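Below is the file start.txt, which contains compact mmCIF, C-alpha atoms.
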# COMPACT_ATOMS: atom_id res chain seq x y z
CA MET A 65 24.33 330.73 174.51
CA GLY A 66 21.59 329.11 176.61
CA ILE A 67 21.79 326.82 179.63
CA GLU A 68 22.48 323.10 179.42
CA VAL A 69 20.56 321.16 182.08
CA GLY A 70 21.05 317.56 183.17
CA ILE A 71 18.01 315.90 184.73
CA CYS A 72 19.00 313.18 187.20
CA GLY A 73 16.16 310.72 187.71
CA ALA A 74 13.83 309.41 185.02
CA GLY A 75 11.02 308.15 187.23
CA ALA A 76 7.34 309.06 187.19
CA PHE A 77 7.92 312.42 188.89
CA ALA A 78 10.32 313.46 186.14
CA ASP A 79 7.40 313.50 183.69
CA SER A 80 6.32 316.80 185.22
CA PHE A 81 9.77 318.38 184.96
CA ILE A 82 11.19 317.26 181.63
CA PRO A 83 8.64 319.21 179.53
CA LEU A 84 9.20 322.34 181.64
CA PHE A 85 12.96 322.36 181.16
CA LYS A 86 12.58 321.58 177.46
CA ALA A 87 10.15 324.47 177.03
CA HIS A 88 12.16 327.02 179.03
CA PRO A 89 13.38 329.82 176.73
CA LEU A 90 16.81 329.95 178.42
CA VAL A 91 17.48 326.21 178.15
CA ASP A 92 19.21 325.09 174.95
CA ARG A 93 19.90 321.46 175.81
CA VAL A 94 18.51 318.82 178.16
CA VAL A 95 20.43 315.68 179.12
CA LEU A 96 18.48 312.87 180.82
CA CYS A 97 20.25 310.68 183.39
CA ASP A 98 19.25 307.45 185.15
CA LEU A 99 20.96 304.26 186.33
CA ASP A 100 18.17 302.14 184.84
CA ALA A 101 19.08 301.90 181.16
CA GLU A 102 15.68 300.60 180.09
CA LYS A 103 13.82 303.36 181.91
CA LEU A 104 16.24 305.97 180.59
CA LYS A 105 15.74 304.85 176.99
CA ALA A 106 11.94 304.79 177.29
CA LYS A 107 11.74 308.23 178.90
CA ALA A 108 14.13 309.77 176.37
CA GLU A 109 12.01 308.44 173.51
CA LYS A 110 8.80 309.61 175.16
CA PHE A 111 10.00 313.20 175.44
CA GLY A 112 12.21 313.36 172.37
CA ILE A 113 15.50 313.80 174.24
CA CYS A 114 18.59 312.96 172.19
CA ASP A 115 21.22 313.18 174.94
CA THR A 116 21.30 310.68 177.81
CA CYS A 117 23.76 309.81 180.57
CA PRO A 118 24.03 306.50 182.52
CA SER A 119 25.05 307.92 185.92
CA LEU A 120 25.28 311.05 188.02
CA ASP A 121 29.05 310.59 188.15
CA GLN A 122 29.25 310.91 184.40
CA LEU A 123 26.72 313.74 184.32
CA CYS A 124 28.89 315.72 186.75
CA ARG A 125 31.86 315.26 184.42
CA SER A 126 29.85 316.47 181.42
CA PRO A 127 29.68 320.13 180.27
CA VAL A 128 26.12 320.77 181.53
CA ASP A 129 25.70 324.00 183.49
CA ALA A 130 23.16 322.72 186.00
CA VAL A 131 21.75 319.48 187.39
CA ALA A 132 18.09 318.96 188.31
CA ILE A 133 17.76 316.22 190.92
CA ILE A 134 14.46 314.34 190.66
CA THR A 135 15.43 311.13 192.45
CA GLN A 136 14.29 309.40 195.63
CA HIS A 137 13.95 311.53 198.76
CA HIS A 138 16.90 310.11 200.67
CA LEU A 139 19.27 310.72 197.76
CA HIS A 140 18.67 314.44 197.29
CA GLY A 141 21.16 315.78 199.84
CA PRO A 142 24.25 313.73 198.87
CA GLN A 143 23.53 314.06 195.16
CA ALA A 144 23.15 317.83 195.40
CA VAL A 145 26.48 318.06 197.23
CA GLN A 146 28.15 315.94 194.55
CA ALA A 147 26.79 318.13 191.76
CA LEU A 148 27.73 321.38 193.52
CA GLU A 149 31.26 320.16 194.20
CA SER A 150 31.62 319.32 190.52
CA GLY A 151 30.88 322.94 189.66
CA LYS A 152 27.23 322.60 188.65
CA HIS A 153 24.30 324.72 189.73
CA VAL A 154 21.57 322.58 191.33
CA TYR A 155 17.81 322.46 191.28
CA SER A 156 16.47 319.81 193.67
CA ALA A 157 13.05 318.32 194.24
CA VAL A 158 11.88 318.35 197.84
CA PRO A 159 13.07 317.59 200.43
CA SER A 160 16.59 319.00 200.25
CA ALA A 161 17.95 316.41 202.72
CA ILE A 162 16.75 314.11 205.51
CA SER A 163 19.22 314.79 208.32
CA ILE A 164 20.88 317.76 209.99
CA GLU A 165 24.28 316.43 208.90
CA GLU A 166 23.20 316.30 205.25
CA MET A 167 21.75 319.81 205.45
CA ALA A 168 24.98 321.15 206.95
CA ALA A 169 26.99 319.48 204.18
CA LEU A 170 24.68 321.03 201.58
CA VAL A 171 25.14 324.53 203.03
CA ARG A 172 28.93 324.07 203.04
CA ALA A 173 28.90 322.87 199.44
CA VAL A 174 26.95 325.96 198.34
CA GLU A 175 29.30 328.29 200.22
CA GLN A 176 32.48 326.63 198.98
CA SER A 177 31.40 326.13 195.38
CA GLY A 178 29.81 329.54 194.87
CA ARG A 179 27.12 327.83 192.81
CA ILE A 180 23.36 328.40 193.00
CA TYR A 181 21.17 325.86 194.82
CA MET A 182 17.38 325.99 194.48
CA LEU A 183 14.85 323.83 196.32
CA GLY A 184 11.80 323.32 194.12
CA GLU A 185 9.07 323.66 196.74
CA THR A 186 5.71 324.02 194.99
CA SER A 187 3.96 325.58 197.99
CA TYR A 188 6.07 328.69 197.49
CA TYR A 189 3.99 329.36 194.37
CA TYR A 190 0.53 328.50 195.73
CA PRO A 191 -1.99 331.36 195.28
CA CYS A 192 -2.45 331.70 199.05
CA THR A 193 1.32 332.01 199.59
CA LEU A 194 1.73 334.54 196.81
CA TYR A 195 -1.17 336.57 198.17
CA CYS A 196 0.11 336.59 201.75
CA ARG A 197 3.65 337.38 200.65
CA GLU A 198 2.45 340.49 198.84
CA ARG A 199 0.28 341.64 201.75
CA PHE A 200 3.18 341.03 204.16
CA ARG A 201 5.57 342.96 201.91
CA ARG A 202 3.19 345.92 202.05
CA GLY A 203 2.99 345.72 205.87
CA ASP A 204 -0.71 344.92 205.87
CA PHE A 205 -0.46 342.21 208.55
CA GLY A 206 1.27 344.49 211.05
CA HIS A 207 3.37 342.29 213.32
CA VAL A 208 2.80 338.58 212.74
CA VAL A 209 1.55 336.90 215.92
CA TYR A 210 0.75 333.34 214.92
CA ALA A 211 0.70 331.13 211.82
CA GLU A 212 -0.64 327.70 210.93
CA ALA A 213 0.17 325.48 207.97
CA GLU A 214 -0.51 321.86 207.12
CA TYR A 215 -0.04 319.20 204.50
CA TYR A 216 -2.58 316.36 204.62
CA HIS A 217 -1.87 313.42 202.31
CA ASP A 218 -3.27 310.05 203.34
CA TYR A 219 -1.04 307.21 202.14
CA MET A 220 -4.09 305.52 200.62
CA HIS A 221 -3.97 308.21 197.94
CA GLY A 222 -1.35 306.67 195.69
CA MET A 223 1.55 306.32 198.10
CA TYR A 224 1.49 302.52 198.36
CA ALA A 225 2.10 302.30 194.61
CA VAL A 226 4.95 304.81 194.84
CA ALA A 227 6.67 302.81 197.60
CA GLN A 228 6.25 299.55 195.67
CA TRP A 229 7.63 301.11 192.49
CA ARG A 230 10.63 302.62 194.27
CA HIS A 231 11.67 299.72 196.48
CA GLY A 232 10.37 296.60 194.78
CA ALA A 233 9.88 293.43 196.83
CA GLU A 234 11.17 295.07 200.04
CA TRP A 235 8.92 298.13 199.83
CA GLU A 236 7.28 297.48 203.20
CA LYS A 237 10.60 297.99 204.99
CA TYR A 238 10.90 301.49 203.52
CA PHE A 239 7.28 302.54 203.86
CA GLY A 240 6.29 305.36 206.19
CA MET A 241 9.09 307.91 206.23
CA PRO A 242 8.58 310.16 209.29
CA PRO A 243 6.31 313.04 208.21
CA PHE A 244 8.73 315.67 209.54
CA PHE A 245 11.53 314.28 207.40
CA TYR A 246 9.54 315.90 204.57
CA PRO A 247 7.74 318.98 205.99
CA THR A 248 8.51 321.45 203.20
CA HIS A 249 4.99 321.72 201.74
CA SER A 250 3.69 323.17 205.02
CA THR A 251 6.66 325.02 206.50
CA SER A 252 7.48 326.82 203.25
CA MET A 253 4.13 328.56 203.32
CA VAL A 254 4.96 330.36 206.56
CA VAL A 255 8.71 330.80 206.11
CA SER A 256 8.42 332.16 202.57
CA VAL A 257 5.92 334.81 203.69
CA THR A 258 7.58 336.15 206.83
CA GLY A 259 11.22 335.17 206.30
CA ALA A 260 11.38 334.07 209.94
CA ARG A 261 13.03 330.80 210.95
CA ALA A 262 12.16 328.43 213.79
CA THR A 263 14.31 328.94 216.89
CA GLN A 264 12.48 326.53 219.23
CA VAL A 265 10.44 323.46 218.30
CA CYS A 266 8.19 321.13 220.27
CA GLY A 267 6.86 318.13 218.33
CA MET A 268 4.31 315.42 218.97
CA GLY A 269 3.21 312.39 216.99
CA PHE A 270 0.18 310.16 216.58
CA VAL A 271 1.08 306.45 216.75
CA ASP A 272 -0.26 304.81 213.61
CA ARG A 273 -3.25 302.49 214.07
CA HIS A 274 -3.75 301.25 210.52
CA PRO A 275 -4.30 297.47 210.32
CA ASP A 276 -1.39 296.98 207.88
CA ASN A 277 1.02 297.94 210.72
CA LEU A 278 3.60 299.20 208.21
CA TYR A 279 4.79 302.08 210.39
CA ALA A 280 5.35 299.95 213.48
CA ARG A 281 6.70 296.72 211.95
CA PRO A 282 10.05 295.88 213.59
CA ASP A 283 12.09 295.73 210.36
CA ASN A 284 11.00 299.18 209.14
CA VAL A 285 14.17 301.17 208.39
CA TRP A 286 12.76 304.40 209.82
CA GLN A 287 11.92 302.94 213.25
CA ASN A 288 9.14 305.52 213.45
CA PRO A 289 5.61 304.69 214.69
CA PHE A 290 4.15 308.17 214.00
CA SER A 291 2.02 308.57 210.88
CA ASN A 292 0.81 312.08 211.84
CA GLU A 293 3.02 314.73 213.40
CA VAL A 294 2.48 318.26 214.74
CA MET A 295 4.99 320.84 215.94
CA LEU A 296 4.72 324.18 217.67
CA CYS A 297 7.50 326.61 216.78
CA ARG A 298 8.86 329.82 218.24
CA MET A 299 9.92 331.90 215.26
CA SER A 300 12.81 334.34 215.02
CA ASP A 301 10.42 337.30 214.58
CA GLY A 302 8.77 336.55 217.96
CA SER A 303 5.70 334.88 216.47
CA MET A 304 4.52 331.30 216.93
CA ALA A 305 3.67 328.71 214.28
CA ARG A 306 1.85 325.40 214.28
CA ILE A 307 2.85 322.96 211.53
CA SER A 308 1.05 319.67 210.79
CA GLU A 309 2.07 316.82 208.49
CA PHE A 310 -0.49 313.97 208.32
CA ARG A 311 -0.16 310.69 206.38
CA ARG A 312 -3.14 308.83 207.85
CA VAL A 313 -6.11 311.19 207.91
CA GLY A 314 -9.75 311.09 206.84
CA HIS A 315 -9.38 313.95 204.40
CA PRO A 316 -9.18 314.29 200.60
CA GLY A 317 -5.83 316.07 200.99
CA THR A 318 -4.79 319.70 201.20
CA VAL A 319 -1.96 322.16 201.61
CA GLY A 320 -3.11 325.24 203.49
CA MET A 321 -2.22 328.09 205.79
CA ARG A 322 -3.51 330.79 208.13
CA LEU A 323 -1.59 333.87 209.24
CA TYR A 324 -2.61 336.22 212.07
CA GLY A 325 -1.13 339.67 212.56
CA THR A 326 -1.76 342.65 214.82
CA GLU A 327 -3.53 344.53 212.01
CA ALA A 328 -5.01 341.86 209.74
CA SER A 329 -5.23 338.12 209.24
CA TYR A 330 -5.60 335.54 206.49
CA GLU A 331 -7.61 332.35 206.93
CA GLU A 332 -7.91 329.45 204.51
CA GLN A 333 -10.09 326.38 204.62
CA VAL A 334 -10.65 323.80 201.90
CA GLY A 335 -11.94 325.71 198.88
CA SER A 336 -12.19 329.15 200.49
CA GLN A 337 -10.02 331.98 201.78
CA THR A 338 -10.76 334.98 203.96
CA TRP A 339 -8.90 338.22 204.68
CA VAL A 340 -10.03 340.14 207.76
CA THR A 341 -8.68 343.20 209.57
CA LEU A 342 -8.77 344.50 213.09
CA TYR A 343 -11.70 346.71 212.07
CA ASN A 344 -13.67 343.83 210.50
CA ASP A 345 -13.06 344.65 206.86
CA VAL A 346 -13.58 341.33 205.10
CA TRP A 347 -12.49 339.87 201.76
CA ALA A 348 -13.51 336.33 200.86
CA GLY A 349 -12.65 334.15 197.90
CA SER A 350 -12.92 330.55 196.80
CA GLY A 351 -11.05 327.97 194.77
CA ALA A 352 -7.47 329.26 195.22

Show me the file's structure as structure tokens.
Amino acid sequence: MGIEVGICGAGAFADSFIPLFKAHPLVDRVVLCDLDAEKLKAKAEKFGICDTCPSLDQLCRSPVDAVAIITQHHLHGPQAVQALESGKHVYSAVPSAISIEEMAALVRAVEQSGRIYMLGETSYYYPCTLYCRERFRRGDFGHVVYAEAEYYHDYMHGMYAVAQWRHGAEWEKYFGMPPFFYPTHSTSMVVSVTGARATQVCGMGFVDRHPDNLYARPDNVWQNPFSNEVMLCRMSDGSMARISEFRRVGHPGTVGMRLYGTEASYEEQVGSQTWVTLYNDVWAGSGA
């Protein structure tokens, strides 16, 4: 008997997940769930899904084994807790939650339910991350000294349309979520390689100067003027890490990392990667 998966959220992002769950050899049945009946019907027809559900409440009462949460960012934490408490395993799109309180509730729900929770962070599977994880596992870095990771995504690259689609006429009030409310693309690159966690953090932000003034407008729900944020972390293994999340930047966009150890280092720039050692052995590649 295979797994039955309920997918909560039938928006544009779900288009990338529905075919994957349908094609998975261990998944026997997919149930699509959304509050918007029209959207739910259209998406079910598009992907040939026979089973639909009008709400997460009902999905949690159904016999599915697991729930995949592909909804808006601020809903992920509470919805994951609800699904876990109903006895379902959970796969969640990033971020897992947007406050310390929500994260603590999520951890408690996992511990108390005994169910599996997975955060679907794509950077975990980037070629550079896979490469560094293997070299770290083999001890090739020596002791990690310092790491850098960044996610650059200017809001001009499609994010206005996303905000308008999600929030309708009041989209400007919800525009500009603080970059470090969603830092998983960058932080996961370092954390997934070394396994170390941040024990001290110092953050700084760049006050947005875009003429639309969306970050700084007084009715913005986030009350956050910073469009670009950087933090320096002390990690639990004694190393340091610099993490950057930029939403207003003259750059085509990238997710990247660099990792420096006592025996060898890995450097990545746009379109190229380099491995060097203490004794100047060099490996270079391109187009990761």

So which residues touch stretch 223-240 of chain A within 10 Å, counting all atoms listed in the file, skipping near sequence neighbours fewer than 2 positions away, as a PyMOL selection string? chain A and resi 75-76+135-136+217-221+242-243+272+276-291+311

If we draw a sphere of 12 Å around (4.4, 329.5, 195.4), which residues have at least one atom in it when counting only C-alpha atoms? Please report them as JSON, numbers by chain. {"A": [183, 184, 185, 186, 187, 188, 189, 190, 191, 192, 193, 194, 195, 196, 197, 198, 248, 249, 250, 252, 253, 254, 255, 256, 257, 319, 320, 352]}

Serialized selection, C-alpha atoms, as a PDB file, keeping the file's coordinate frame:
ATOM      1  CA  LEU A 183      14.850 323.830 196.320  1.00  0.00           C
ATOM      2  CA  GLY A 184      11.800 323.320 194.120  1.00  0.00           C
ATOM      3  CA  GLU A 185       9.070 323.660 196.740  1.00  0.00           C
ATOM      4  CA  THR A 186       5.710 324.020 194.990  1.00  0.00           C
ATOM      5  CA  SER A 187       3.960 325.580 197.990  1.00  0.00           C
ATOM      6  CA  TYR A 188       6.070 328.690 197.490  1.00  0.00           C
ATOM      7  CA  TYR A 189       3.990 329.360 194.370  1.00  0.00           C
ATOM      8  CA  TYR A 190       0.530 328.500 195.730  1.00  0.00           C
ATOM      9  CA  PRO A 191      -1.990 331.360 195.280  1.00  0.00           C
ATOM     10  CA  CYS A 192      -2.450 331.700 199.050  1.00  0.00           C
ATOM     11  CA  THR A 193       1.320 332.010 199.590  1.00  0.00           C
ATOM     12  CA  LEU A 194       1.730 334.540 196.810  1.00  0.00           C
ATOM     13  CA  TYR A 195      -1.170 336.570 198.170  1.00  0.00           C
ATOM     14  CA  CYS A 196       0.110 336.590 201.750  1.00  0.00           C
ATOM     15  CA  ARG A 197       3.650 337.380 200.650  1.00  0.00           C
ATOM     16  CA  GLU A 198       2.450 340.490 198.840  1.00  0.00           C
ATOM     17  CA  THR A 248       8.510 321.450 203.200  1.00  0.00           C
ATOM     18  CA  HIS A 249       4.990 321.720 201.740  1.00  0.00           C
ATOM     19  CA  SER A 250       3.690 323.170 205.020  1.00  0.00           C
ATOM     20  CA  SER A 252       7.480 326.820 203.250  1.00  0.00           C
ATOM     21  CA  MET A 253       4.130 328.560 203.320  1.00  0.00           C
ATOM     22  CA  VAL A 254       4.960 330.360 206.560  1.00  0.00           C
ATOM     23  CA  VAL A 255       8.710 330.800 206.110  1.00  0.00           C
ATOM     24  CA  SER A 256       8.420 332.160 202.570  1.00  0.00           C
ATOM     25  CA  VAL A 257       5.920 334.810 203.690  1.00  0.00           C
ATOM     26  CA  VAL A 319      -1.960 322.160 201.610  1.00  0.00           C
ATOM     27  CA  GLY A 320      -3.110 325.240 203.490  1.00  0.00           C
ATOM     28  CA  ALA A 352      -7.470 329.260 195.220  1.00  0.00           C
TER      29      ALA A 352
END

Could you list, as a list in words, every residue within 10 Å of A:Leu123, counting all atoms listed in the file and ignoring same-chain residues fewer than 2 positions away? Val69, Gly70, Ile71, Cys72, Val95, Leu96, Cys97, Asp98, Thr116, Cys117, Pro118, Ser119, Leu120, Asp121, Arg125, Ser126, Pro127, Val128, Ala130, Val131, Ala147, Ser150 and Lys152 of chain A

For A:Pro247, please output as a count of residues only all residues within 10 Å (counting all atoms listed in the file; exclusion window: fewer than 5 positions along the same chain). 11

Counting all atoms listed in the file, which residues sit no farther than 12 Å from the position (-0.9, 341.1, 201.3) in the file's frame? I'd like them as a short mmCIF file (atom, residue, chain, number, x, y, z; two decimals) with C-alpha atoms, in the frame of the given file.
data_model
loop_
_atom_site.label_atom_id
_atom_site.label_comp_id
_atom_site.auth_asym_id
_atom_site.auth_seq_id
_atom_site.Cartn_x
_atom_site.Cartn_y
_atom_site.Cartn_z
CA PRO A 191 -1.99 331.36 195.28
CA CYS A 192 -2.45 331.70 199.05
CA THR A 193 1.32 332.01 199.59
CA LEU A 194 1.73 334.54 196.81
CA TYR A 195 -1.17 336.57 198.17
CA CYS A 196 0.11 336.59 201.75
CA ARG A 197 3.65 337.38 200.65
CA GLU A 198 2.45 340.49 198.84
CA ARG A 199 0.28 341.64 201.75
CA PHE A 200 3.18 341.03 204.16
CA ARG A 201 5.57 342.96 201.91
CA ARG A 202 3.19 345.92 202.05
CA GLY A 203 2.99 345.72 205.87
CA ASP A 204 -0.71 344.92 205.87
CA PHE A 205 -0.46 342.21 208.55
CA GLY A 206 1.27 344.49 211.05
CA VAL A 257 5.92 334.81 203.69
CA THR A 258 7.58 336.15 206.83
CA LEU A 323 -1.59 333.87 209.24
CA TYR A 324 -2.61 336.22 212.07
CA GLY A 325 -1.13 339.67 212.56
CA GLU A 327 -3.53 344.53 212.01
CA ALA A 328 -5.01 341.86 209.74
CA SER A 329 -5.23 338.12 209.24
CA TYR A 330 -5.60 335.54 206.49
CA THR A 338 -10.76 334.98 203.96
CA TRP A 339 -8.90 338.22 204.68
CA VAL A 340 -10.03 340.14 207.76
CA THR A 341 -8.68 343.20 209.57
CA TRP A 347 -12.49 339.87 201.76
#

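Our summary of the geometry notes that atom CA of A:Val313 is positioned 25.8 Å from atom CA of A:Ala262.
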
Rounded to one decimal in Å, what is the spacing between atom CA of A:Ser336 and atom CA of A:Gly222? 25.4 Å

Could you produce a table of the residues of stretch 96-157 of chain A lying within 12 Å of stretch 163-182 of chain A, with the nearest pair of atoms per residue and their separation in Å rounded to one decimal, using all atoms listed in the file, ordered by chain and increasing residue number, as a Markdown table?
| residue | atom | partner | partner_atom | distance |
| --- | --- | --- | --- | --- |
| A:Asp129 | CA | A:Arg179 | CA | 10.2 |
| A:Ala130 | CA | A:Ile180 | CA | 9.0 |
| A:Val131 | CA | A:Tyr181 | CA | 9.8 |
| A:Ala132 | CA | A:Met182 | CA | 9.4 |
| A:Ile133 | CA | A:Met182 | CA | 10.4 |
| A:His137 | CA | A:Ser163 | CA | 11.4 |
| A:His138 | CA | A:Ser163 | CA | 9.3 |
| A:Leu139 | CA | A:Glu166 | CA | 10.1 |
| A:His140 | CA | A:Glu166 | CA | 9.3 |
| A:Gly141 | CA | A:Glu166 | CA | 5.8 |
| A:Pro142 | CA | A:Glu166 | CA | 7.0 |
| A:Gln143 | CA | A:Leu170 | CA | 9.5 |
| A:Ala144 | CA | A:Leu170 | CA | 7.1 |
| A:Val145 | CA | A:Leu170 | CA | 5.6 |
| A:Gln146 | CA | A:Ala173 | CA | 8.5 |
| A:Ala147 | CA | A:Ala173 | CA | 9.3 |
| A:Leu148 | CA | A:Ala173 | CA | 6.2 |
| A:Glu149 | CA | A:Ser177 | CA | 6.1 |
| A:Ser150 | CA | A:Ser177 | CA | 8.4 |
| A:Gly151 | CA | A:Ser177 | CA | 6.6 |
| A:Lys152 | CA | A:Arg179 | CA | 6.7 |
| A:His153 | CA | A:Ile180 | CA | 5.0 |
| A:Val154 | CA | A:Tyr181 | CA | 4.8 |
| A:Tyr155 | CA | A:Met182 | CA | 4.8 |
| A:Ser156 | CA | A:Met182 | CA | 6.3 |
| A:Ala157 | CA | A:Met182 | CA | 8.8 |

Only C-alpha atoms, please: the residues just picked out, written as a compact mmCIF listing (two decimals), keeping the file's coordinate frame.
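Saved the output as out-v3.txt:
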# COMPACT_ATOMS: atom_id res chain seq x y z
CA ASP A 129 25.70 324.00 183.49
CA ALA A 130 23.16 322.72 186.00
CA VAL A 131 21.75 319.48 187.39
CA ALA A 132 18.09 318.96 188.31
CA ILE A 133 17.76 316.22 190.92
CA HIS A 137 13.95 311.53 198.76
CA HIS A 138 16.90 310.11 200.67
CA LEU A 139 19.27 310.72 197.76
CA HIS A 140 18.67 314.44 197.29
CA GLY A 141 21.16 315.78 199.84
CA PRO A 142 24.25 313.73 198.87
CA GLN A 143 23.53 314.06 195.16
CA ALA A 144 23.15 317.83 195.40
CA VAL A 145 26.48 318.06 197.23
CA GLN A 146 28.15 315.94 194.55
CA ALA A 147 26.79 318.13 191.76
CA LEU A 148 27.73 321.38 193.52
CA GLU A 149 31.26 320.16 194.20
CA SER A 150 31.62 319.32 190.52
CA GLY A 151 30.88 322.94 189.66
CA LYS A 152 27.23 322.60 188.65
CA HIS A 153 24.30 324.72 189.73
CA VAL A 154 21.57 322.58 191.33
CA TYR A 155 17.81 322.46 191.28
CA SER A 156 16.47 319.81 193.67
CA ALA A 157 13.05 318.32 194.24

Quick one: distance from atom CA of A:Val94 to atom CA of A:Tyr246 in Å, one decimal?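 Separating atom CA of A:Val94 from atom CA of A:Tyr246 is a distance of 28.0 Å.
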
Could you tell me which of A:Ile134, A:Leu90, A:Met65, A:Ala211 comes closest to A:Arg322 if we count all atoms listed in the file?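 Using all atoms listed in the file, the shortest distance to A:Arg322 belongs to A:Ala211.
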
Of the listed residues A:Phe111, A:Ile67, A:Tyr216, A:Met241, that which approaches A:Pro89 most closely, counting only C-alpha atoms: A:Ile67

A:Met268, A:Ala74, A:Cys124, A:Met321: which is nearest A:Glu109, counting only C-alpha atoms?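 Result for the nearest residue to A:Glu109: A:Ala74.
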
Contacts of A:Met299 at 6 Å (only C-alpha atoms; same-chain gap of 6+ positions) as an mmCIF file with C-alpha atoms, keeping the file's coordinate frame:
data_model
loop_
_atom_site.group_PDB
_atom_site.id
_atom_site.type_symbol
_atom_site.label_atom_id
_atom_site.label_comp_id
_atom_site.auth_asym_id
_atom_site.auth_seq_id
_atom_site.Cartn_x
_atom_site.Cartn_y
_atom_site.Cartn_z
ATOM 1 C CA ALA A 260 11.380 334.070 209.940
ATOM 2 C CA ARG A 261 13.030 330.800 210.950
ATOM 3 C CA ALA A 262 12.160 328.430 213.790
ATOM 4 C CA THR A 263 14.310 328.940 216.890
#
